[in-house]
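Peer 1: Please find entry-v1.txt (compact mmCIF, C-alpha atoms) on the next line:
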```
# COMPACT_ATOMS: atom_id res chain seq x y z
CA MET A 1 -8.38 -27.98 -1.77
CA LYS A 2 -7.62 -24.55 -0.38
CA ASP A 3 -4.55 -25.68 1.56
CA THR A 4 -2.67 -27.31 -1.30
CA PRO A 5 0.70 -25.81 -2.29
CA GLU A 6 -0.66 -25.03 -5.75
CA TYR A 7 -3.64 -23.11 -4.36
CA LEU A 8 -1.52 -21.19 -1.84
CA THR A 9 1.02 -20.28 -4.52
CA LYS A 10 -1.72 -19.05 -6.85
CA LYS A 11 -3.39 -17.10 -4.05
CA ALA A 12 -0.10 -15.45 -3.08
CA PHE A 13 0.46 -14.43 -6.69
CA TYR A 14 -2.94 -12.79 -7.08
CA ASN A 15 -2.52 -11.05 -3.73
CA SER A 16 0.67 -9.52 -5.13
CA LEU A 17 -1.15 -7.85 -8.03
CA LEU A 18 -1.63 -4.10 -7.97
CA THR A 19 -4.03 -2.74 -10.58
CA ILE A 20 -3.40 0.80 -11.76
CA TYR A 21 -5.47 2.71 -14.30
CA GLY A 22 -5.46 5.87 -16.39
CA ARG A 23 -3.61 6.27 -19.67
CA LYS A 24 -0.59 8.22 -18.44
CA PRO A 25 0.16 6.00 -15.38
CA VAL A 26 -0.33 2.84 -17.45
CA LEU A 27 1.91 4.10 -20.26
CA GLU A 28 4.62 5.14 -17.80
CA ALA A 29 4.51 1.72 -16.15
CA LEU A 30 4.79 -0.06 -19.50
CA GLN A 31 7.78 2.11 -20.37
CA ASN A 32 9.58 1.04 -17.18
CA PRO A 33 11.20 -2.35 -17.87
CA SER A 34 11.97 -2.86 -14.17
CA LEU A 35 8.26 -3.15 -13.30
CA PRO A 36 6.92 -6.71 -13.51
CA VAL A 37 3.72 -6.31 -15.56
CA TYR A 38 1.23 -9.19 -15.57
CA LYS A 39 -1.61 -8.08 -17.85
CA LEU A 40 -2.86 -5.03 -19.78
CA HIS A 41 -6.62 -4.48 -19.80
CA MET A 42 -8.21 -2.30 -22.49
CA ALA A 43 -11.77 -1.30 -23.31
CA SER A 44 -12.77 -2.56 -26.76
CA SER A 45 -14.47 0.80 -27.34
CA ASN A 46 -11.16 2.73 -27.11
CA GLN A 47 -10.40 4.84 -30.15
CA ARG A 48 -6.98 4.01 -31.53
CA ASP A 49 -5.01 7.15 -30.84
CA GLN A 50 -1.25 7.54 -30.47
CA MET A 51 -1.23 6.70 -26.77
CA ILE A 52 -3.35 3.55 -27.13
CA SER A 53 -1.19 2.38 -30.03
CA ARG A 54 1.96 2.99 -27.97
CA MET A 55 0.59 0.93 -25.06
CA GLU A 56 -0.26 -1.96 -27.36
CA ALA A 57 3.17 -1.85 -28.99
CA LEU A 58 4.97 -1.85 -25.64
CA ALA A 59 2.85 -4.73 -24.35
CA GLU A 60 3.51 -6.78 -27.47
CA ALA A 61 7.24 -6.05 -27.33
CA ARG A 62 7.34 -7.21 -23.69
CA HIS A 63 5.11 -10.24 -24.40
CA ILE A 64 2.44 -8.94 -22.03
CA GLU A 65 -1.06 -10.33 -22.42
CA ILE A 66 -3.69 -7.81 -23.59
CA ALA A 67 -7.23 -8.48 -22.39
CA ARG A 68 -10.09 -6.61 -24.06
CA TRP A 69 -13.34 -5.82 -22.27
CA ASP A 70 -16.53 -3.92 -22.75
CA ARG A 71 -16.77 -0.81 -20.58
CA LYS A 72 -18.63 -2.62 -17.80
CA GLY A 73 -16.06 -5.39 -17.73
CA LEU A 74 -13.16 -2.96 -17.58
CA SER A 75 -14.78 -1.04 -14.74
CA ARG A 76 -14.82 -4.26 -12.71
CA ILE A 77 -11.06 -4.49 -13.22
CA SER A 78 -10.19 -0.84 -12.53
CA LYS A 79 -12.89 -0.28 -9.89
CA ASN A 80 -13.01 3.33 -11.09
CA ALA A 81 -15.01 3.72 -14.30
CA ARG A 82 -14.91 7.52 -14.09
CA GLN A 83 -11.13 7.80 -14.18
CA ASP A 84 -9.75 4.65 -15.81
CA GLN A 85 -9.84 6.21 -19.34
CA GLY A 86 -10.41 2.78 -20.83
CA VAL A 87 -7.17 1.14 -19.63
CA ALA A 88 -5.89 -0.73 -16.58
CA LEU A 89 -2.69 -2.60 -15.83
CA ASP A 90 -1.88 -5.43 -13.40
CA LEU A 91 1.54 -5.16 -11.80
CA ALA A 92 2.94 -8.22 -10.02
CA LEU A 93 4.83 -6.56 -7.19
CA PRO A 94 7.03 -8.71 -4.94
CA HIS A 95 6.39 -6.50 -1.89
CA TYR A 96 2.61 -6.23 -2.30
CA GLY A 97 0.48 -8.62 -0.28
CA THR A 98 -1.68 -9.16 2.78
CA CYS A 99 -1.10 -8.75 6.49
CA ASP A 100 -2.12 -12.37 7.13
CA ALA A 101 0.56 -13.62 4.74
CA PHE A 102 3.16 -11.33 6.32
CA ILE A 103 2.35 -12.56 9.85
CA LEU A 104 2.53 -16.18 8.68
CA GLN A 105 5.85 -15.54 6.95
CA GLN A 106 7.31 -13.96 10.08
CA ARG A 107 6.02 -16.81 12.25
CA THR A 108 7.57 -19.51 10.06
CA SER A 109 10.79 -17.70 9.18
CA ALA A 110 13.98 -19.08 10.66
CA GLU A 111 15.36 -15.54 11.02
CA LYS A 112 13.39 -13.50 13.56
CA THR A 113 14.38 -10.05 12.30
CA PRO A 114 12.57 -7.20 14.08
CA TYR A 115 10.42 -5.15 11.74
CA GLU A 116 8.74 -1.76 11.86
CA LEU A 117 5.53 -0.95 10.00
CA LEU A 118 3.30 2.07 9.61
CA ALA A 119 -0.44 1.35 9.89
CA LEU A 120 -2.83 3.83 8.29
CA ASP A 121 -6.12 4.45 10.05
CA GLY A 122 -8.56 6.51 8.00
CA ILE A 123 -5.97 8.30 5.84
CA THR A 124 -8.25 9.53 3.05
CA ASN A 125 -6.11 12.12 1.26
CA PRO A 126 -4.31 10.54 -1.76
CA GLN A 127 -1.56 13.16 -1.62
CA ASN A 128 -0.86 12.32 2.00
CA LEU A 129 -0.84 8.59 1.23
CA GLY A 130 1.68 9.08 -1.56
CA MET A 131 3.95 11.19 0.64
CA ILE A 132 3.69 8.67 3.49
CA ILE A 133 4.81 5.92 1.11
CA ARG A 134 7.70 8.08 -0.05
CA SER A 135 8.85 8.80 3.52
CA ALA A 136 8.51 5.17 4.61
CA CYS A 137 10.56 4.00 1.63
CA ALA A 138 13.27 6.62 2.05
CA GLY A 139 13.46 6.10 5.81
CA GLY A 140 13.79 2.33 5.59
CA MET A 141 10.49 1.27 7.15
CA ASP A 142 9.65 -2.37 6.49
CA GLY A 143 6.18 -1.71 5.14
CA ILE A 144 2.82 0.02 5.33
CA ILE A 145 -0.49 -1.50 6.41
CA LEU A 146 -3.25 -0.15 4.17
CA PRO A 147 -6.85 -1.18 4.99
CA ARG A 148 -9.10 -1.73 1.98
CA LYS A 149 -11.88 0.31 3.57
CA GLY A 150 -11.72 3.77 5.11
CA CYS A 151 -8.42 4.77 3.50
CA ALA A 152 -7.38 6.18 0.17
CA GLN A 153 -6.35 3.42 -2.24
CA ILE A 154 -3.59 3.26 -4.80
CA ASP A 155 -4.53 5.44 -7.76
CA PRO A 156 -2.71 7.76 -10.19
CA LEU A 157 -2.65 10.59 -7.64
CA VAL A 158 -0.99 8.36 -5.04
CA ILE A 159 1.50 7.01 -7.57
CA LYS A 160 2.44 10.54 -8.59
CA ALA A 161 2.79 11.75 -5.00
CA SER A 162 4.97 8.76 -4.13
CA THR A 163 7.35 9.69 -6.98
CA GLY A 164 7.86 6.05 -7.92
CA THR A 165 8.66 4.80 -4.40
CA LEU A 166 5.36 2.90 -4.32
CA PHE A 167 6.96 0.19 -6.43
CA LYS A 168 9.80 -0.23 -3.91
CA THR A 169 7.67 -0.31 -0.75
CA ARG A 170 5.97 -3.26 0.92
CA ILE A 171 2.23 -2.54 0.99
CA LEU A 172 0.20 -4.90 3.19
CA HIS A 173 -3.57 -4.94 2.74
CA CYS A 174 -6.14 -5.90 5.33
CA ASP A 175 -9.91 -5.67 5.65
CA THR A 176 -10.30 -4.27 9.18
CA LEU A 177 -7.38 -2.47 10.79
CA ALA A 178 -8.40 -3.08 14.42
CA ASP A 179 -8.70 -6.84 13.90
CA THR A 180 -5.40 -6.92 12.04
CA LEU A 181 -3.62 -5.02 14.81
CA GLY A 182 -5.02 -7.58 17.23
CA ASN A 183 -3.52 -10.38 15.14
CA PHE A 184 -0.15 -8.63 15.15
CA ARG A 185 -0.33 -8.24 18.94
CA LYS A 186 -0.96 -11.96 19.31
CA ALA A 187 2.15 -12.52 17.21
CA GLY A 188 4.21 -10.45 19.67
CA THR A 189 4.26 -7.10 17.86
CA LYS A 190 4.17 -3.90 19.92
CA ILE A 191 1.54 -1.43 18.72
CA PHE A 192 1.97 2.33 19.22
CA GLY A 193 -0.73 4.84 18.32
CA LEU A 194 0.16 8.46 17.59
CA SER A 195 -1.79 10.87 19.78
CA SER A 196 -1.22 14.43 20.95
CA HIS A 197 -2.18 13.19 24.45
CA GLY A 198 0.16 10.18 24.49
CA PRO A 199 1.98 9.69 27.82
CA ILE A 200 5.31 8.90 26.15
CA THR A 201 7.22 10.56 23.34
CA LEU A 202 8.58 9.17 20.09
CA ALA A 203 12.13 9.62 21.40
CA GLU A 204 11.41 7.10 24.18
CA ILE A 205 10.81 4.27 21.69
CA THR A 206 14.12 2.42 21.63
CA GLY A 207 15.43 -1.09 21.11
CA LYS A 208 14.81 -3.52 18.30
CA VAL A 209 11.51 -5.34 18.55
CA PRO A 210 8.68 -5.88 16.05
CA ARG A 211 6.50 -2.76 16.25
CA ILE A 212 3.77 -0.91 14.40
CA PHE A 213 3.09 2.82 14.48
CA VAL A 214 -0.57 3.69 13.85
CA LEU A 215 -1.20 6.98 12.05
CA GLY A 216 -4.72 8.34 12.43
CA ASN A 217 -7.09 10.31 10.26
CA GLU A 218 -5.98 13.79 9.21
CA THR A 219 -8.77 15.36 11.30
CA HIS A 220 -9.89 12.87 13.95
CA GLY A 221 -6.71 10.97 14.73
CA VAL A 222 -6.51 7.29 15.61
CA SER A 223 -9.96 5.66 15.82
CA ASP A 224 -11.23 4.23 19.09
CA ASP A 225 -11.20 0.66 17.74
CA ALA A 226 -7.59 0.93 16.62
CA ALA A 227 -6.54 2.69 19.85
CA LYS A 228 -7.89 -0.24 21.88
CA GLN A 229 -5.34 -2.49 20.18
CA CYS A 230 -2.39 -0.23 20.97
CA ASN A 231 0.05 -1.14 23.73
CA ARG A 232 0.82 2.54 24.25
CA LEU A 233 -0.09 5.93 22.82
CA LEU A 234 2.80 8.23 22.05
CA ARG A 235 3.19 11.84 21.08
CA ILE A 236 5.57 14.06 19.20
CA PRO A 237 6.40 17.07 21.43
CA MET A 238 5.14 20.38 20.02
CA ASN A 239 6.33 23.92 20.60
CA ASN A 240 4.73 27.35 20.30
CA GLY A 241 1.20 26.09 20.80
CA VAL A 242 1.13 23.91 17.68
CA GLU A 243 -1.34 21.09 18.26
CA SER A 244 -0.48 18.63 15.49
CA LEU A 245 1.48 17.95 12.31
CA ASN A 246 0.41 16.83 8.89
CA VAL A 247 0.19 13.03 8.92
CA ALA A 248 2.80 12.73 6.16
CA VAL A 249 5.24 14.81 8.22
CA THR A 250 4.58 12.56 11.21
CA ALA A 251 5.32 9.52 9.05
CA ALA A 252 8.64 11.08 8.01
CA LEU A 253 9.66 11.76 11.62
CA ILE A 254 8.94 8.14 12.55
CA SER A 255 10.69 6.75 9.50
CA PHE A 256 13.86 8.80 9.96
CA ARG A 257 14.08 8.85 13.73
CA GLY A 258 17.60 8.09 14.93
CA GLN A 259 19.09 8.44 11.43
CA LEU A 260 19.83 12.15 11.31
```
Turn the structure described in the file into structure tokens.

Peer 2:
Amino acid sequence: MKDTPEYLTKKAFYNSLLTIYGRKPVLEALQNPSLPVYKLHMASSNQRDQMISRMEALAEARHIEIARWDRKGLSRISKNARQDQGVALDLALPHYGTCDAFILQQRTSAEKTPYELLALDGITNPQNLGMIIRSACAGGMDGIILPRKGCAQIDPLVIKASTGTLFKTRILHCDTLADTLGNFRKAGTKIFGLSSHGPITLAEITGKVPRIFVLGNETHGVSDDAAKQCNRLLRIPMNNGVESLNVAVTAALISFRGQL
């Protein structure tokens, strides 16, 4: 039964898993005792060099299961056969999950604490994604909505750009951003899309209510489908003829507004 407590608990656990790959990121994660590691995946064809031996030793010392795969099997785990370097690692992150689970949690929670999220719409540059995560974490945002399609996904470049803040930030996955924004609206969340033509400015957003700020593609901005789900479009005032800011800079301004 898919609605039993056991099934829901197991589903929530697997939704919390973040799989990283690449020898250096995996080794660094294993060396960090504060990261809750679930399983180490290794290609059986790996040559036993110093780095592979170190990973195995760390996993054994931390009583982490080591699963061995052929190259095809490992590529199904890493989802990036070209860059996984024969290793992948499952991290069980407490703040990593799905938008549906977050909405349900907010609906059933006795404490109705207003939250603020960043929603990423077509953010394809891994460096930008990492810097957005860093700004959201430092600025105290309550999480980031990251669609599984159309956006950069968590990889070694993103982890590096986030300078470790990825592991402290709530990342909420969804399949289709527009549909997910619609679900948040039904739950009473206010949706604001960033646009250079927005009729209101970021400074006019005040009060404490559940809200989401939608950041659009680095070139094309917020998509039409996502814009249709927004309650309002807002802009950041520009001077000297500047048309727009880097999306990571915009994320920082939102995350730190009112704090400086």

Peer 1: Restricting the calculation to only C-alpha atoms: of A:Ser109, A:Ser162, A:Ser44, A:Gln31, which residue gets closest to Ala138 (chain A)?

Peer 2: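 Using only C-alpha atoms, Ala138 (chain A) sits closest to A:Ser162.
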
Peer 1: Counting all atoms listed in the file, what is within 7 Å of region 143-148 of chain A, bar same-chain residues fewer than 5 positions away, as a ChimeraX atom specification?

Peer 2: /A:117-120,169-177

Peer 1: Which residue is closest to Ala57 (chain A)? Choose from A:Ala81, A:Val214, A:Ala161, A:Leu40 and count all atoms listed in the file.

Peer 2: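 Checking each candidate against Ala57 (chain A), we get A:Leu40 as the closest.
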
Peer 1: Between CA of Asp142 (chain A) and CA of Phe184 (chain A), what is the distance in Å, rounded to a tenth?

Peer 2: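 Between these atoms lies a distance of 14.5 Å.
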
Peer 1: Rounded to one decimal, what separation in Å do you get between CA of Leu93 (chain A) and CA of Pro36 (chain A)?

Peer 2: 6.7 Å

Peer 1: When distances are computed from all atoms listed in the file, which of A:Cys137, A:Val247, A:Gln105, A:Gly122 shows the smallest separation from Val222 (chain A)?

Peer 2: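 Looking only at the distances to Val222 (chain A), the closest residue turns out to be A:Gly122.
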
Peer 1: Would you list the residues near (-2.1, -10.3, -26.1) (no more than 10 Å away, in the coordinates of the file, using all atoms listed in the file) as a ChimeraX atom specification?

Peer 2: /A:39-41,56,59-60,63-68

Peer 1: Counting only C-alpha atoms, note down every residue that has an atom within 6 Å of the point (-19.0, -1.4, -24.6) (file coordinates), as a list in words.

Peer 2: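 The distance filter leaves exactly Ser45, Asp70 and Arg71 of chain A.
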
Peer 1: State, in Å with one decimal place, the distance from CA of Asp155 (chain A) to CA of Asp121 (chain A).

Peer 2: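 Computed distance, CA of Asp155 (chain A) to CA of Asp121 (chain A), equals 17.9 Å.
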
Peer 1: Any idea what's packed within 12 Å of Pro210 (chain A), counting only C-alpha atoms, ignoring anything in its chain fewer than 5 positions away? Could you give it as a VMD selection string?

Peer 2: chain A and resid 103 106 to 107 112 to 118 141 to 143 184 to 192 205

Peer 1: Output the selection as a PDB file, in the frame of the given file - C-alpha atoms for each residue.

Peer 2:
```pdb
ATOM      1  CA  ILE A 103       2.350 -12.560   9.850  1.00  0.00           C
ATOM      2  CA  GLN A 106       7.310 -13.960  10.080  1.00  0.00           C
ATOM      3  CA  ARG A 107       6.020 -16.810  12.250  1.00  0.00           C
ATOM      4  CA  LYS A 112      13.390 -13.500  13.560  1.00  0.00           C
ATOM      5  CA  THR A 113      14.380 -10.050  12.300  1.00  0.00           C
ATOM      6  CA  PRO A 114      12.570  -7.200  14.080  1.00  0.00           C
ATOM      7  CA  TYR A 115      10.420  -5.150  11.740  1.00  0.00           C
ATOM      8  CA  GLU A 116       8.740  -1.760  11.860  1.00  0.00           C
ATOM      9  CA  LEU A 117       5.530  -0.950  10.000  1.00  0.00           C
ATOM     10  CA  LEU A 118       3.300   2.070   9.610  1.00  0.00           C
ATOM     11  CA  MET A 141      10.490   1.270   7.150  1.00  0.00           C
ATOM     12  CA  ASP A 142       9.650  -2.370   6.490  1.00  0.00           C
ATOM     13  CA  GLY A 143       6.180  -1.710   5.140  1.00  0.00           C
ATOM     14  CA  PHE A 184      -0.150  -8.630  15.150  1.00  0.00           C
ATOM     15  CA  ARG A 185      -0.330  -8.240  18.940  1.00  0.00           C
ATOM     16  CA  LYS A 186      -0.960 -11.960  19.310  1.00  0.00           C
ATOM     17  CA  ALA A 187       2.150 -12.520  17.210  1.00  0.00           C
ATOM     18  CA  GLY A 188       4.210 -10.450  19.670  1.00  0.00           C
ATOM     19  CA  THR A 189       4.260  -7.100  17.860  1.00  0.00           C
ATOM     20  CA  LYS A 190       4.170  -3.900  19.920  1.00  0.00           C
ATOM     21  CA  ILE A 191       1.540  -1.430  18.720  1.00  0.00           C
ATOM     22  CA  PHE A 192       1.970   2.330  19.220  1.00  0.00           C
ATOM     23  CA  ILE A 205      10.810   4.270  21.690  1.00  0.00           C
TER      24      ILE A 205
END
```

Peer 1: Which is closer to Lys168 (chain A) than all the others in A:Gly216, A:Pro33, A:Gly221, A:Pro94, using all atoms listed in the file?

Peer 2: A:Pro94

Peer 1: Reconstruct all heavy atoms of region 19-30 of chain A; output as a compact mmCIF listing (two decimals), in the coordinates of the input.

Peer 2:
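Below is the file out_31.txt, written as the result:
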```txt
# COMPACT_ATOMS: atom_id res chain seq x y z
N THR A 19 -3.42 -3.23 -9.35
CA THR A 19 -4.03 -2.74 -10.58
C THR A 19 -4.02 -1.22 -10.59
O THR A 19 -4.58 -0.59 -9.68
CB THR A 19 -5.47 -3.27 -10.74
OG1 THR A 19 -5.45 -4.69 -10.75
CG2 THR A 19 -6.08 -2.78 -12.04
N ILE A 20 -3.38 -0.64 -11.58
CA ILE A 20 -3.40 0.80 -11.76
C ILE A 20 -4.21 1.11 -13.02
O ILE A 20 -4.47 0.23 -13.84
CB ILE A 20 -1.97 1.38 -11.88
CG1 ILE A 20 -1.26 0.84 -13.13
CG2 ILE A 20 -1.17 1.08 -10.62
CD1 ILE A 20 0.10 1.48 -13.38
N TYR A 21 -4.63 2.34 -13.16
CA TYR A 21 -5.47 2.71 -14.30
C TYR A 21 -5.17 4.15 -14.71
O TYR A 21 -4.48 4.89 -14.00
CB TYR A 21 -6.95 2.54 -13.94
CG TYR A 21 -7.37 3.29 -12.71
CD1 TYR A 21 -7.72 4.64 -12.77
CD2 TYR A 21 -7.38 2.67 -11.47
CE1 TYR A 21 -8.08 5.34 -11.64
CE2 TYR A 21 -7.74 3.37 -10.32
CZ TYR A 21 -8.09 4.70 -10.41
OH TYR A 21 -8.44 5.39 -9.27
N GLY A 22 -5.74 4.53 -15.85
CA GLY A 22 -5.46 5.87 -16.39
C GLY A 22 -4.36 5.76 -17.43
O GLY A 22 -3.37 5.04 -17.26
N ARG A 23 -4.52 6.46 -18.54
CA ARG A 23 -3.61 6.27 -19.67
C ARG A 23 -2.16 6.67 -19.37
O ARG A 23 -1.24 5.95 -19.74
CB ARG A 23 -4.15 7.04 -20.89
CG ARG A 23 -5.49 6.50 -21.34
CD ARG A 23 -5.92 7.04 -22.68
NE ARG A 23 -7.20 6.46 -23.09
CZ ARG A 23 -7.73 6.57 -24.29
NH1 ARG A 23 -7.10 7.27 -25.23
NH2 ARG A 23 -8.89 6.00 -24.58
N LYS A 24 -1.96 7.80 -18.72
CA LYS A 24 -0.59 8.22 -18.44
C LYS A 24 0.12 7.29 -17.46
O LYS A 24 1.25 6.85 -17.73
CB LYS A 24 -0.56 9.66 -17.94
CG LYS A 24 0.85 10.21 -17.77
CD LYS A 24 0.83 11.68 -17.37
CE LYS A 24 2.25 12.22 -17.22
NZ LYS A 24 2.25 13.65 -16.82
N PRO A 25 -0.51 6.94 -16.30
CA PRO A 25 0.16 6.00 -15.38
C PRO A 25 0.44 4.65 -16.02
O PRO A 25 1.50 4.05 -15.79
CB PRO A 25 -0.82 5.89 -14.21
CG PRO A 25 -1.61 7.15 -14.24
CD PRO A 25 -1.75 7.48 -15.70
N VAL A 26 -0.51 4.14 -16.81
CA VAL A 26 -0.33 2.84 -17.45
C VAL A 26 0.81 2.90 -18.46
O VAL A 26 1.68 2.01 -18.51
CB VAL A 26 -1.64 2.36 -18.11
CG1 VAL A 26 -1.38 1.19 -19.05
CG2 VAL A 26 -2.66 1.97 -17.04
N LEU A 27 0.84 3.96 -19.27
CA LEU A 27 1.91 4.10 -20.26
C LEU A 27 3.27 4.20 -19.58
O LEU A 27 4.24 3.56 -20.01
CB LEU A 27 1.65 5.32 -21.14
CG LEU A 27 2.70 5.60 -22.22
CD1 LEU A 27 2.83 4.42 -23.17
CD2 LEU A 27 2.35 6.88 -22.98
N GLU A 28 3.36 4.99 -18.51
CA GLU A 28 4.62 5.14 -17.80
C GLU A 28 5.09 3.82 -17.22
O GLU A 28 6.29 3.50 -17.22
CB GLU A 28 4.49 6.20 -16.71
CG GLU A 28 4.35 7.62 -17.26
CD GLU A 28 4.14 8.65 -16.16
OE1 GLU A 28 3.90 8.24 -15.00
OE2 GLU A 28 4.21 9.86 -16.45
N ALA A 29 4.15 3.02 -16.71
CA ALA A 29 4.51 1.72 -16.15
C ALA A 29 5.02 0.78 -17.24
O ALA A 29 6.00 0.05 -17.05
CB ALA A 29 3.32 1.11 -15.42
N LEU A 30 4.36 0.79 -18.39
CA LEU A 30 4.79 -0.06 -19.50
C LEU A 30 6.17 0.34 -20.02
O LEU A 30 6.93 -0.49 -20.50
CB LEU A 30 3.77 0.00 -20.63
CG LEU A 30 2.44 -0.72 -20.40
CD1 LEU A 30 1.44 -0.35 -21.48
CD2 LEU A 30 2.64 -2.23 -20.35
```
